[in-house]
Every structure is written in structure tokens, then in C-alpha cells.
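Asker: File model-v6.tsv below, TSV, C-alpha atoms:
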chain	number	residue	atom	x	y	z
C	1	MET	CA	0.00	0.00	0.00
C	2	THR	CA	1.28	3.43	-0.93
C	3	ARG	CA	2.02	5.60	2.08
C	4	HIS	CA	2.04	9.38	1.79
C	5	GLU	CA	4.22	11.67	3.86
C	6	VAL	CA	2.19	14.00	6.06
C	7	VAL	CA	3.39	17.54	6.72
C	8	ILE	CA	2.23	20.41	8.90
C	9	THR	CA	1.59	23.63	6.99
C	10	GLY	CA	-0.41	25.67	9.51
C	11	ILE	CA	-0.50	26.26	13.27
C	12	GLY	CA	-3.30	27.83	15.29
C	13	LEU	CA	-2.16	28.18	18.89
C	14	VAL	CA	-3.66	30.07	21.82
C	15	THR	CA	-2.43	29.81	25.43
C	16	ALA	CA	-1.90	32.14	28.36
C	17	LEU	CA	1.31	33.27	26.63
C	18	GLY	CA	-0.55	34.72	23.66
C	19	GLU	CA	-1.76	33.67	20.23
C	20	GLY	CA	0.04	32.49	17.13
C	21	PRO	CA	3.49	31.04	16.36
C	22	ASP	CA	5.53	34.23	16.78
C	23	ALA	CA	4.19	35.02	20.25
C	24	HIS	CA	4.95	31.51	21.47
C	25	TRP	CA	8.35	31.21	19.82
C	26	ASN	CA	9.48	34.54	21.23
C	27	ALA	CA	8.17	33.84	24.74
C	28	LEU	CA	9.35	30.26	25.04
C	29	SER	CA	12.74	30.82	23.45
C	30	ALA	CA	13.47	33.65	25.85
C	31	GLY	CA	12.56	31.73	29.00
C	32	THR	CA	9.43	33.71	29.82
C	33	ALA	CA	7.63	33.66	33.17
C	34	PRO	CA	4.24	31.95	33.43
C	35	VAL	CA	1.02	33.96	33.27
C	36	VAL	CA	-1.09	32.88	36.25
C	37	ASP	CA	-4.38	33.97	37.83
C	38	GLU	CA	-4.22	32.98	41.50
C	39	ALA	CA	-7.20	35.02	42.69
C	40	THR	CA	-10.29	34.45	40.56
C	41	TYR	CA	-10.63	30.72	41.21
C	42	ALA	CA	-8.81	30.49	44.54
C	43	PRO	CA	-7.62	28.19	45.97
C	44	TRP	CA	-6.86	26.91	42.47
C	45	PRO	CA	-4.50	28.89	40.25
C	46	VAL	CA	-5.18	28.81	36.51
C	47	HIS	CA	-3.37	29.99	33.39
C	48	PRO	CA	-5.92	32.34	31.77
C	49	LEU	CA	-6.64	33.20	28.17
C	50	PRO	CA	-5.09	36.34	26.72
C	51	ALA	CA	-7.38	39.04	25.35
C	52	LEU	CA	-8.60	37.90	21.93
C	53	ASN	CA	-10.05	39.98	19.13
C	54	LEU	CA	-12.80	37.47	18.33
C	55	ASP	CA	-14.01	39.57	15.41
C	56	ALA	CA	-10.83	38.67	13.53
C	57	GLN	CA	-11.82	35.00	13.25
C	58	ILE	CA	-15.53	34.98	14.17
C	59	PRO	CA	-16.85	38.12	12.44
C	60	LYS	CA	-20.56	37.67	13.17
C	61	LYS	CA	-21.62	38.76	16.65
C	62	GLY	CA	-24.52	36.32	16.53
C	63	ASP	CA	-22.11	33.44	16.05
C	64	GLN	CA	-20.04	34.63	18.99
C	65	ARG	CA	-23.08	34.93	21.25
C	66	GLN	CA	-24.41	31.45	20.61
C	67	MET	CA	-21.08	29.79	21.43
C	68	GLU	CA	-19.82	28.95	24.88
C	69	PRO	CA	-16.26	30.14	25.68
C	70	TRP	CA	-14.59	26.84	24.78
C	71	GLN	CA	-16.32	26.84	21.39
C	72	ARG	CA	-15.22	30.40	20.67
C	73	LEU	CA	-11.66	29.53	21.65
C	74	GLY	CA	-11.52	26.46	19.40
C	75	THR	CA	-13.18	28.20	16.47
C	76	TYR	CA	-10.76	31.13	16.84
C	77	ALA	CA	-7.68	28.88	16.91
C	78	ALA	CA	-8.93	26.87	13.95
C	79	GLY	CA	-9.12	30.08	11.94
C	80	LEU	CA	-5.58	30.96	12.94
C	81	ALA	CA	-4.36	27.60	11.63
C	82	ILE	CA	-6.18	28.01	8.30
C	83	ASP	CA	-4.71	31.48	7.84
C	84	ASP	CA	-1.21	30.33	8.84
C	85	ALA	CA	-1.39	27.64	6.17
C	86	GLY	CA	-2.70	30.06	3.54
C	87	ALA	CA	-5.54	27.60	3.03
C	88	ARG	CA	-8.68	29.77	2.98
C	89	GLY	CA	-9.33	28.67	-0.59
C	90	LEU	CA	-9.14	24.99	0.31
C	91	VAL	CA	-11.70	24.74	3.11
C	92	GLU	CA	-14.30	22.99	0.94
C	93	ASP	CA	-11.98	19.98	0.61
C	94	MET	CA	-10.57	20.13	4.13
C	95	HIS	CA	-11.34	17.23	6.47
C	96	LEU	CA	-12.09	18.28	10.06
C	97	ILE	CA	-11.21	16.28	13.17
C	98	VAL	CA	-11.80	17.87	16.57
C	99	ALA	CA	-11.23	16.90	20.21
C	100	ALA	CA	-13.28	18.67	22.87
C	101	GLY	CA	-14.95	18.14	26.20
C	102	GLY	CA	-18.55	18.83	27.04
C	103	GLY	CA	-20.04	22.24	27.53
C	104	GLU	CA	-20.32	24.15	30.76
C	105	ARG	CA	-22.71	22.92	33.42
C	106	ASP	CA	-25.67	24.80	34.85
C	107	LEU	CA	-23.82	26.04	37.93
C	108	ALA	CA	-26.89	27.58	39.55
C	109	LEU	CA	-28.66	24.21	39.48
C	110	ASP	CA	-25.54	22.43	40.71
C	111	GLU	CA	-25.35	24.78	43.68
C	112	GLN	CA	-29.05	24.29	44.47
C	113	VAL	CA	-28.69	20.51	44.34
C	114	ASN	CA	-25.61	20.49	46.57
C	115	THR	CA	-27.19	22.89	49.07
C	116	GLU	CA	-30.41	20.93	49.40
C	117	LEU	CA	-28.72	17.54	49.62
C	118	ALA	CA	-26.06	18.58	52.13
C	119	ASP	CA	-28.24	17.71	55.14
C	120	HIS	CA	-29.77	14.48	53.79
C	121	SER	CA	-28.35	11.57	55.74
C	122	ASP	CA	-29.95	9.14	53.30
C	123	GLY	CA	-28.28	10.70	50.29
C	124	GLY	CA	-31.44	12.50	49.19
C	125	GLY	CA	-32.07	10.31	46.17
C	126	ASP	CA	-35.74	11.22	45.81
C	127	ARG	CA	-35.08	14.92	46.15
C	128	LEU	CA	-32.19	14.67	43.66
C	129	ASN	CA	-34.46	13.07	41.07
C	130	GLU	CA	-37.07	15.77	41.65
C	131	LEU	CA	-34.54	18.58	41.25
C	132	LEU	CA	-33.12	17.10	38.09
C	133	ALA	CA	-36.56	16.45	36.60
C	134	THR	CA	-37.72	20.02	37.20
C	135	GLY	CA	-34.44	21.94	36.94
C	136	LEU	CA	-32.68	20.60	33.88
C	137	ARG	CA	-33.57	22.30	30.63
C	138	PRO	CA	-34.65	19.84	27.92
C	139	THR	CA	-32.03	21.30	25.59
C	140	LEU	CA	-29.21	21.36	28.14
C	141	PHE	CA	-27.26	18.42	26.84
C	142	LEU	CA	-27.94	19.20	23.19
C	143	ALA	CA	-26.52	22.68	23.77
C	144	GLN	CA	-23.31	21.16	25.11
C	145	LEU	CA	-22.44	18.39	22.68
C	146	SER	CA	-18.75	18.49	21.88
C	147	ASN	CA	-19.44	18.19	18.16
C	148	LEU	CA	-20.86	21.71	18.25
C	149	LEU	CA	-17.25	22.89	18.12
C	150	ALA	CA	-16.79	21.09	14.81
C	151	GLY	CA	-20.11	22.50	13.65
C	152	ASN	CA	-19.13	26.04	14.50
C	153	ILE	CA	-15.78	25.65	12.72
C	154	SER	CA	-17.63	24.42	9.65
C	155	ILE	CA	-20.12	27.29	9.75
C	156	VAL	CA	-17.71	30.11	10.53
C	157	HIS	CA	-14.77	29.02	8.40
C	158	GLY	CA	-16.57	27.06	5.68
C	159	VAL	CA	-14.78	23.76	6.32
C	160	THR	CA	-17.05	21.28	4.58
C	161	GLY	CA	-15.04	18.09	4.16
C	162	SER	CA	-15.76	15.08	6.37
C	163	SER	CA	-16.11	15.83	10.08
C	164	ARG	CA	-15.31	13.79	13.20
C	165	THR	CA	-15.37	14.74	16.86
C	166	PHE	CA	-13.66	12.92	19.72
C	167	MET	CA	-14.56	13.25	23.38
C	168	GLY	CA	-12.50	11.72	26.17
C	169	GLU	CA	-9.90	14.08	27.60
C	170	GLU	CA	-6.25	13.61	26.53
C	171	SER	CA	-6.90	10.40	24.60
C	172	ALA	CA	-9.47	12.18	22.46
C	173	ALA	CA	-6.89	14.73	21.37
C	174	ALA	CA	-4.23	12.11	20.67
C	175	ASP	CA	-6.64	10.00	18.62
C	176	ALA	CA	-7.84	13.04	16.68
C	177	VAL	CA	-4.27	13.75	15.54
C	178	ARG	CA	-3.53	10.06	15.01
C	179	ILE	CA	-6.56	9.49	12.80
C	180	ALA	CA	-6.03	12.70	10.83
C	181	HIS	CA	-2.47	11.57	10.14
C	182	ALA	CA	-3.57	8.03	9.22
C	183	ARG	CA	-6.26	9.20	6.80
C	184	LEU	CA	-3.85	11.41	4.89
C	185	ALA	CA	-1.04	8.86	4.98
C	186	GLU	CA	-3.38	6.27	3.47
C	187	GLY	CA	-4.39	8.65	0.68
C	188	ARG	CA	-7.91	9.34	1.94
C	189	GLY	CA	-7.65	13.07	1.39
C	190	GLY	CA	-5.04	15.71	0.77
C	191	ILE	CA	-5.63	18.22	3.55
C	192	ALA	CA	-7.11	18.17	7.06
C	193	LEU	CA	-7.69	20.50	10.00
C	194	VAL	CA	-7.24	18.85	13.39
C	195	GLY	CA	-7.09	20.13	16.94
C	196	GLY	CA	-8.67	20.61	20.33
C	197	ALA	CA	-9.56	23.30	22.84
C	198	MET	CA	-10.28	23.69	26.54
C	199	THR	CA	-10.98	26.71	28.73
C	200	ALA	CA	-9.62	26.38	32.25
C	201	GLN	CA	-11.56	29.36	33.56
C	202	ARG	CA	-14.56	27.29	34.63
C	203	TRP	CA	-15.64	26.50	38.16
C	204	ASP	CA	-17.30	23.29	37.03
C	205	LEU	CA	-14.08	21.88	35.55
C	206	LEU	CA	-12.02	22.84	38.56
C	207	LEU	CA	-14.50	21.16	40.89
C	208	LEU	CA	-14.68	18.10	38.64
C	209	TYR	CA	-10.94	17.50	38.58
C	210	ARG	CA	-10.65	18.40	42.27
C	211	GLY	CA	-12.88	15.42	43.00
C	212	GLY	CA	-10.15	13.09	41.83
C	213	GLU	CA	-7.54	14.78	44.03
C	214	GLY	CA	-5.80	15.84	40.85
C	215	MET	CA	-5.74	19.62	41.31
C	216	TYR	CA	-2.97	21.62	42.91
C	217	GLN	CA	-4.14	24.38	45.21
C	218	GLY	CA	-2.28	27.26	46.82
C	219	ALA	CA	0.33	29.73	45.69
C	220	PHE	CA	1.58	28.88	42.22
C	221	LYS	CA	4.62	26.62	41.87
C	222	PRO	CA	6.26	25.19	38.75
C	223	LEU	CA	5.32	21.71	37.62
C	224	SER	CA	8.21	19.83	39.22
C	225	ALA	CA	7.69	21.55	42.59
C	226	ARG	CA	4.03	20.66	43.09
C	227	GLN	CA	1.69	17.71	43.36
C	228	GLY	CA	-1.32	18.25	41.13
C	229	MET	CA	-2.50	19.95	37.97
C	230	VAL	CA	-2.82	23.62	37.23
C	231	LEU	CA	-5.20	23.89	34.30
C	232	GLY	CA	-4.50	26.28	31.44
C	233	SER	CA	-6.83	27.56	28.76
C	234	THR	CA	-5.43	26.05	25.58
C	235	ALA	CA	-6.31	25.64	21.94
C	236	GLY	CA	-4.11	23.94	19.39
C	237	PHE	CA	-5.06	23.37	15.75
C	238	LEU	CA	-2.96	22.05	12.87
C	239	VAL	CA	-3.38	22.03	9.11
C	240	LEU	CA	-2.02	18.71	7.87
C	241	GLU	CA	-1.40	17.90	4.22
C	242	THR	CA	0.16	15.15	2.20
C	243	ALA	CA	3.56	16.23	0.94
C	244	GLU	CA	2.28	16.08	-2.64
C	245	HIS	CA	-0.70	18.29	-1.86
C	246	ALA	CA	1.51	20.85	-0.13
C	247	ALA	CA	4.08	20.83	-2.92
C	248	ALA	CA	1.43	21.20	-5.62
C	249	ARG	CA	0.22	24.46	-4.13
C	250	GLY	CA	3.66	25.70	-3.12
C	251	ALA	CA	2.82	25.64	0.59
C	252	ARG	CA	5.41	26.39	3.26
C	253	VAL	CA	6.13	23.22	5.24
C	254	LEU	CA	6.74	23.68	8.96
C	255	ALA	CA	7.55	20.08	9.85
C	256	ARG	CA	6.85	16.53	8.87
C	257	LEU	CA	4.50	14.58	11.14
C	258	ASP	CA	6.20	11.20	10.98
C	259	ALA	CA	4.03	9.05	13.22
C	260	VAL	CA	1.40	9.12	15.95
C	261	ALA	CA	0.50	6.20	18.22
C	262	SER	CA	-1.81	5.87	21.21
C	263	ASP	CA	-2.86	3.27	23.76
C	264	THR	CA	-4.77	3.00	27.02
C	265	SER	CA	-3.27	0.91	29.79
C	266	ARG	CA	-5.34	-0.17	32.78
C	267	ARG	CA	-2.98	1.50	35.28
C	268	VAL	CA	-3.78	-1.06	37.94
C	269	THR	CA	-0.19	-1.45	39.09
C	270	PRO	CA	2.71	1.01	39.08
C	271	GLY	CA	4.71	0.99	35.89
C	272	GLU	CA	1.90	0.03	33.50
C	273	SER	CA	1.62	3.46	31.93
C	274	ALA	CA	5.36	3.81	31.38
C	275	ALA	CA	5.41	0.30	29.90
C	276	ALA	CA	2.62	1.23	27.50
C	277	ALA	CA	4.58	4.26	26.31
C	278	ARG	CA	7.73	2.17	26.04
C	279	ALA	CA	5.86	-0.24	23.75
C	280	LEU	CA	4.67	2.63	21.55
C	281	LEU	CA	8.16	4.13	21.10
C	282	PRO	CA	9.46	1.76	18.36
C	283	ARG	CA	6.31	2.47	16.35
C	284	VAL	CA	6.91	6.21	16.22
C	285	ALA	CA	10.68	6.58	16.59
C	286	PRO	CA	12.53	3.52	15.29
C	287	ASP	CA	15.53	5.71	14.41
C	288	GLY	CA	15.56	7.72	17.64
C	289	VAL	CA	14.82	11.37	18.45
C	290	ASP	CA	16.84	14.38	19.57
C	291	ALA	CA	14.52	16.12	22.05
C	292	VAL	CA	11.17	15.82	23.82
C	293	ILE	CA	8.13	18.04	24.31
C	294	SER	CA	6.53	16.47	27.38
C	295	GLY	CA	2.80	16.35	27.96
C	296	ASN	CA	3.31	16.07	31.73
C	297	SER	CA	0.04	17.26	33.27
C	298	GLY	CA	1.07	17.51	36.90
C	299	SER	CA	-1.33	14.75	37.96
C	300	PRO	CA	0.82	12.89	40.52
C	301	ALA	CA	0.55	9.25	39.38
C	302	ALA	CA	0.69	10.02	35.66
C	303	SER	CA	3.59	12.41	36.14
C	304	ALA	CA	5.60	9.82	38.02
C	305	GLU	CA	5.07	7.32	35.20
C	306	GLU	CA	6.04	9.83	32.53
C	307	ASP	CA	9.13	10.93	34.44
C	308	ALA	CA	10.25	7.29	34.64
C	309	PHE	CA	9.79	6.90	30.89
C	310	LEU	CA	11.65	10.14	30.14
C	311	ARG	CA	14.60	9.22	32.36
C	312	GLU	CA	15.17	6.15	30.19
C	313	LEU	CA	15.34	8.31	27.06
C	314	ASN	CA	18.04	10.58	28.54
C	315	LEU	CA	17.18	13.41	26.15
C	316	PRO	CA	16.62	17.18	26.44
C	317	VAL	CA	13.05	17.64	27.73
C	318	ARG	CA	10.74	20.65	27.88
C	319	ARG	CA	7.54	20.62	29.94
C	320	PRO	CA	5.08	23.26	28.63
C	321	ALA	CA	2.53	22.68	31.40
C	322	SER	CA	4.86	24.46	33.81
C	323	LEU	CA	4.27	27.69	31.85
C	324	ILE	CA	0.88	27.30	30.17
C	325	GLY	CA	-0.85	24.74	32.39
C	326	HIS	CA	-2.51	21.50	31.38
C	327	GLY	CA	-4.94	21.94	28.50
C	328	VAL	CA	-6.57	18.45	28.58
C	329	GLU	CA	-8.17	18.14	25.10
C	330	GLY	CA	-6.13	21.07	23.84
C	331	ALA	CA	-2.80	19.86	25.21
C	332	PHE	CA	-1.62	17.23	22.70
C	333	PRO	CA	-2.26	19.23	19.50
C	334	ALA	CA	-0.78	22.32	21.18
C	335	HIS	CA	2.36	20.39	22.08
C	336	VAL	CA	2.61	18.98	18.55
C	337	ALA	CA	2.30	22.57	17.34
C	338	LEU	CA	5.16	23.63	19.64
C	339	ALA	CA	7.34	20.82	18.31
C	340	ALA	CA	6.56	21.81	14.72
C	341	LEU	CA	7.28	25.44	15.52
C	342	ALA	CA	10.72	24.63	16.96
C	343	LEU	CA	11.60	22.45	13.98
C	344	SER	CA	10.49	25.13	11.52
C	345	ARG	CA	12.62	27.76	13.26
C	346	GLY	CA	15.67	25.52	13.43
C	347	GLY	CA	16.01	25.80	17.21
C	348	PHE	CA	14.57	24.72	20.53
C	349	TYR	CA	13.13	26.24	23.65
C	350	ALA	CA	14.71	27.47	26.84
C	351	PRO	CA	13.96	25.33	29.92
C	352	MET	CA	10.31	25.71	30.91
C	353	ASP	CA	10.55	24.01	34.31
C	354	PRO	CA	13.36	23.59	36.87
C	355	ALA	CA	13.41	19.87	36.03
C	356	ASP	CA	14.01	20.51	32.32
C	357	ALA	CA	17.50	19.40	31.43
C	358	GLY	CA	19.72	19.20	28.40
C	359	GLU	CA	20.35	21.46	25.43
C	360	ALA	CA	19.05	20.84	21.93
C	361	ALA	CA	20.23	23.76	19.85
C	362	SER	CA	18.76	22.50	16.60
C	363	PRO	CA	16.99	19.12	16.85
C	364	ASN	CA	16.16	17.19	13.68
C	365	ARG	CA	13.46	15.06	15.25
C	366	VAL	CA	11.26	15.75	18.27
C	367	LEU	CA	9.14	13.37	20.33
C	368	VAL	CA	5.86	14.59	21.84
C	369	THR	CA	4.47	12.64	24.81
C	370	ALA	CA	1.00	12.53	26.34
C	371	PHE	CA	0.22	10.68	29.54
C	372	GLY	CA	-3.45	11.29	30.33
C	373	GLN	CA	-4.04	12.46	33.87
C	374	TRP	CA	-6.30	9.41	34.41
C	375	ARG	CA	-6.03	7.23	31.31
C	376	GLY	CA	-4.28	7.14	27.97
C	377	GLU	CA	-0.75	7.18	26.60
C	378	ALA	CA	0.32	8.67	23.27
C	379	LEU	CA	3.48	9.55	21.38
C	380	ALA	CA	4.17	11.49	18.18
C	381	THR	CA	7.35	12.23	16.27
C	382	LEU	CA	8.06	15.19	14.01
C	383	SER	CA	11.02	15.95	11.76
C	384	ARG	CA	12.60	19.12	10.43
C	385	PRO	CA	11.15	20.36	7.14
C	386	SER	CA	14.59	20.09	5.51
C	387	ALA	CA	14.26	16.34	6.00
C	388	THR	CA	10.91	16.35	4.17
C	389	LYS	CA	10.82	15.20	0.56
C	390	ALA	CA	7.60	15.50	-1.42
C	391	GLY	CA	6.30	12.14	-2.55
C	392	ASN	CA	5.41	8.72	-1.24
C	393	THR	CA	7.23	6.33	1.05
Please go through the file and, once you have read it, give me the structure as C-alpha cells.

Answerer:
Amino acid sequence: MTRHEVVITGIGLVTALGEGPDAHWNALSAGTAPVVDEATYAPWPVHPLPALNLDAQIPKKGDQRQMEPWQRLGTYAAGLAIDDAGARGLVEDMHLIVAAGGGERDLALDEQVNTELADHSDGGGDRLNELLATGLRPTLFLAQLSNLLAGNISIVHGVTGSSRTFMGEESAAADAVRIAHARLAEGRGGIALVGGAMTAQRWDLLLLYRGGEGMYQGAFKPLSARQGMVLGSTAGFLVLETAEHAAARGARVLARLDAVASDTSRRVTPGESAAAARALLPRVAPDGVDAVISGNSGSPAASAEEDAFLRELNLPVRRPASLIGHGVEGAFPAHVALAALALSRGGFYAPMDPADAGEAASPNRVLVTAFGQWRGEALATLSRPSATKAGNT
């Protein structure tokens, strides 16, 4: 079977450090300080969104109003990627693959339920059913389906190729990128838009992840100095093309996306997650890599497993979550975007965390890792554009 090389021609990236490739390259290459909001959602610090001119990518006010914040963020970043690739004229043929979580909860109803059930020694099952039956809007879940992000991208940007949406935290994002890569590599299309988005500035998300003892609380500390996640509003979108498609239109190639692999270990005993990643490594990097962009989330158990895996590689590592927080569904495509950005600029980033070690002045191949804070392991490898040759392999 003919295999097609897959290249990255556009990046749409939004984090607390800013928007777009230049803002992130300049900040991360210079060893910038993290942008953190420690007050609004105390006791949980978050990495907030920068101010965005939504009109630049979502020109209709009506479209902006009907979207929740995470949908606006993802739609905005998707537009940035399309523009960066110079692909506005190709959206009718562009396949769309999106990773996203659900919409925001009805916080007022949540508070009412918790208040009324607090004093029920029997759990308050009957009262809970009554509150849910009378309080939930019939359209609540329909208004929060994750595929609305894909729908809004299609409507606002005119992307009308096939559309798929994945839901399931970090694994959803990894599989979105993996399947986009596989479809193009197999010749089932010439161009695709893939990515994910998550807004951290949500009480419901903070409370949700707090329930699993996964959130760090207190004065901000870098990733390696804390136990727990600090969420960060993140959107990462990529325009992927076959090398032939990119060459035919004279597109600028940022990096080659060599391989993406994912798995989900049971994580019943220590070491399972690291073993799963170790098994994936030959599939994505049979010839080795020069540096690593780590998806370390800060979740204690997952971080310990990833650190064990990274120690075995003995390579220069950069941990973006120390500066931009953990972006859940937005994290993996954002980290792939950061790897592509470094390869396209012929350099690498300054240390992002005190635990970051090693210098990689100009890596030729970068590994991106993703250890889900509860489930899921994924790896991707990218190569410098100078190593990319148009054609088949």
C-alpha cells in the first residue's frame, strides 16, 4: 500500500502566553515567566486566556453569542491555523477532526442541588431526582455536545469536508491527531484541519478534577515543585497535508509529522503506563529522536510514570505545562504545534521548568508525549522540514 508523507503547513495556537506562532516562539525561546491567575478561582491557580479579538476570526456577533467560551476559543484557533497555512481557498476539501470536552454545566442548578442535599443523611435520592426532573432544561445536553465545536468551525470558516469529533480528555486529542495523520497517509484526502480546545476558567471543571484529588491548590509553583495539575486555557489546531498536496500548491512546510501512536493501559499497578509508552516508542521513533516536548500534566501518578519513561530516554526535555498549564483536550495538539514550531525555526526552547535538562540547539526530530491524567498514553514524532521530501514512502 502506498504511504504518503504528512506535513504540517499551519498552526493555530492560543495559550496564556498569547496567540500564534511568533508570540509563542518569542516567549518560550526567551525563558518567559508563566502567566497565572491565583485570585479568581482560589484556591486553584489557573493559566488564563489572553485578550482575543474574536471579530478577527468569528466576524458575526450572533455566532459569537451562541457559542460557549470553549467553542469560541476552538473556532478562533482553527481560523488561525487556516490562515497560517494560507488555506482559505481549500476549506471545501478540508477534512475536520476535533477533540473537545462537554459544555459548561448549569452552575446555579448544581449549587441548588448540593445545598439541598447537604443535610440528607440518606443521600437524598428522591429529592435529587425531583430537582433534576424540574431543573434541567430539555435542551441542556444538546446545547453542550462536543461536536458543536466542529459545527461552528464548519459554519464560521466554511470547512465542509468530512467531520469527526472525539470526546474523552487527553486520549481524544491524541486520537484526533492520530486518525487525521492516518487518513492522509493512506491517501484518503489531501488536507485536514485537526485540533482541540479547553478553557480552564470554569468552576465546574475545577470542581470536577478536584474530586479526583488531581488539582494543585495554593500559591503557584512550577510543575516539578508541586503535586497536582494547574489547568491552562489552551487551543491547538494544525493544518495537515500530504507532501504532494503541499508541494502542488507551493505551501510552506513547517515540519513533517512522521508518526502518531496511542494506547490506554489499565494503570492497575505502578509501571503500567510507562510500559505502554515504552511499547509505543518503536512504532513512532525507530531511528531515535533528539529532544522531547513532554505532555506532563502535573497529575501525581501520571507524572511519576512519565518521568520514569523520560529518564530512560536521557534526552533534552521541555515541559510546557509548567508555563501554560494543562490543557486536557487542547494539550496534545498544542504540544505537537510547539514541536513543529521549533523544527520550523531551526532551534529549541529554553527550559520551561526547573526539572528541564539538556540542550538541543537544533533538533532534527522531536518526540511529543501525552500521559493522560487518568487514562491514555500517546506519542508522536516530528522531523525538520529540511528532511521532508515530497512524494510517497

Asker: Suppose you want the space between atom CA of Ala301 of chain C and atom CA of Gly101 of chain C; what is it in Å?

Answerer: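 Going from atom CA of Ala301 of chain C over to atom CA of Gly101 of chain C covers 22.2 Å.
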
Asker: When distances are computed from only C-alpha atoms, which of C:Ala118, C:Met215, C:Leu73, C:Leu184 shows the smallest separation from Leu149 of chain C?

Answerer: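 Smallest separation from Leu149 of chain C among the options: C:Leu73.
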
Asker: Just the number, please: distance in Å from atom CA of Ala350 of chain C to atom CA of Ala378 of chain C, one decimal.

Answerer: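 We find that atom CA of Ala350 of chain C and atom CA of Ala378 of chain C lie 23.9 Å from each other.
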
Asker: Could you name the residues that touch Ala370 of chain C at 12 Å or less, counting all atoms listed in the file, but leaving out those on the same chain fewer than 3 positions away, as a count of residues only?

Answerer: 55

Asker: Taking into account all atoms listed in the file, which residue in the set C:Asn53, C:Thr160, C:Ser322, C:Thr269 is nearest to Leu90 of chain C?

Answerer: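 Among the listed residues, C:Thr160 lies closest to Leu90 of chain C.
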
Asker: Pick from C:Phe237, C:Phe371, C:Phe166, C:Tyr216: nearest to Gly102 of chain C, with only C-alpha atoms counted?

Answerer: C:Phe166

Asker: In Å, how far is it from atom CA of Ala185 of chain C to atom CA of Gly372 of chain C?

Answerer: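 That distance, rounded to one decimal, is 25.6 Å.
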
Asker: So, counting only C-alpha atoms, which residue among C:Gly62, C:Gly288, C:Gly135, C:Gly86 is closest to Ala246 of chain C?

Answerer: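 Of C:Gly62, C:Gly288, C:Gly135, C:Gly86, the one nearest Ala246 of chain C is C:Gly86, counting only C-alpha atoms.
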
Asker: May I ask which of the residues C:Leu96, C:Ala180, C:Ala200, C:Val239 is the closest one to Ile8 of chain C, counting only C-alpha atoms?

Answerer: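 That would be C:Val239, the residue with the smallest distance to Ile8 of chain C.
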
Asker: Identify, on the basis of only C-alpha atoms, every residue whose closest approach to Gly214 of chain C does not exceed 10 Å; exclude the query and any residue fewer than 3 positions from it along the same chain; express the result as a list in words.

Answerer: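 Everything that qualifies: Leu206, Leu208, Tyr209, Arg210, Gly211, Gln217, Gln227, Gly228, Met229, Val230, Ser297, Gly298, Ser299, Pro300, Ala301, Gln373 and Trp374 of chain C.
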
Asker: At a cut-off of 12 Å, can you tabulate as JSON lines every residue of segment 83-135 of chain C near segment 15-25 of chain C together with its closest atom pair and the distance in Å to one decimal, using only C-alpha atoms and ordering rows by chain then number?

Answerer:
{"residue": "C:Asp83", "atom": "CA", "partner": "C:Gly20", "partner_atom": "CA", "distance": 10.5}
{"residue": "C:Asp84", "atom": "CA", "partner": "C:Gly20", "partner_atom": "CA", "distance": 8.7}
{"residue": "C:Ala85", "atom": "CA", "partner": "C:Pro21", "partner_atom": "CA", "distance": 11.8}

Asker: Select, from C:Arg226, C:Arg283, C:His181, C:Arg267, the residue with the minimum atom-to-atom distance to Val7 of chain C, counting only C-alpha atoms.

Answerer: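 Closest residue, counting only C-alpha atoms: C:His181.
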
Asker: Which polymer residues, whether protein, DNA or RNA, lie within 7 Å of the coordinate (7.6, 27.3, 22.5) when you count only C-alpha atoms? List them as a PyMOL selection string, using the chain letters and numbers from the file.

Answerer: chain C and resi 24-25+27-29+338+342+349

Asker: Enclose segment 85-94 of chain C, meaning all of its atoms listed in the file, in a box aligned along x, y and z, pad it by 3 Å on each side, and list the centre and edge lengths in Å to one decimal, as lines of an AutoDock Vina configuration file.

Answerer:
center_x = -7.8
center_y = 25.0
center_z = 2.8
size_x = 18.9
size_y = 16.1
size_z = 12.8

Asker: With all atoms listed in the file as the counted atoms, please give the residues lying no more than 10 Å from Val253 of chain C, apart from itself and same-chain residues fewer than 3 positions off, as a ChimeraX atom specification.

Answerer: /C:7-10,85,240-241,243,246-247,250,256,340,344,384-386,388
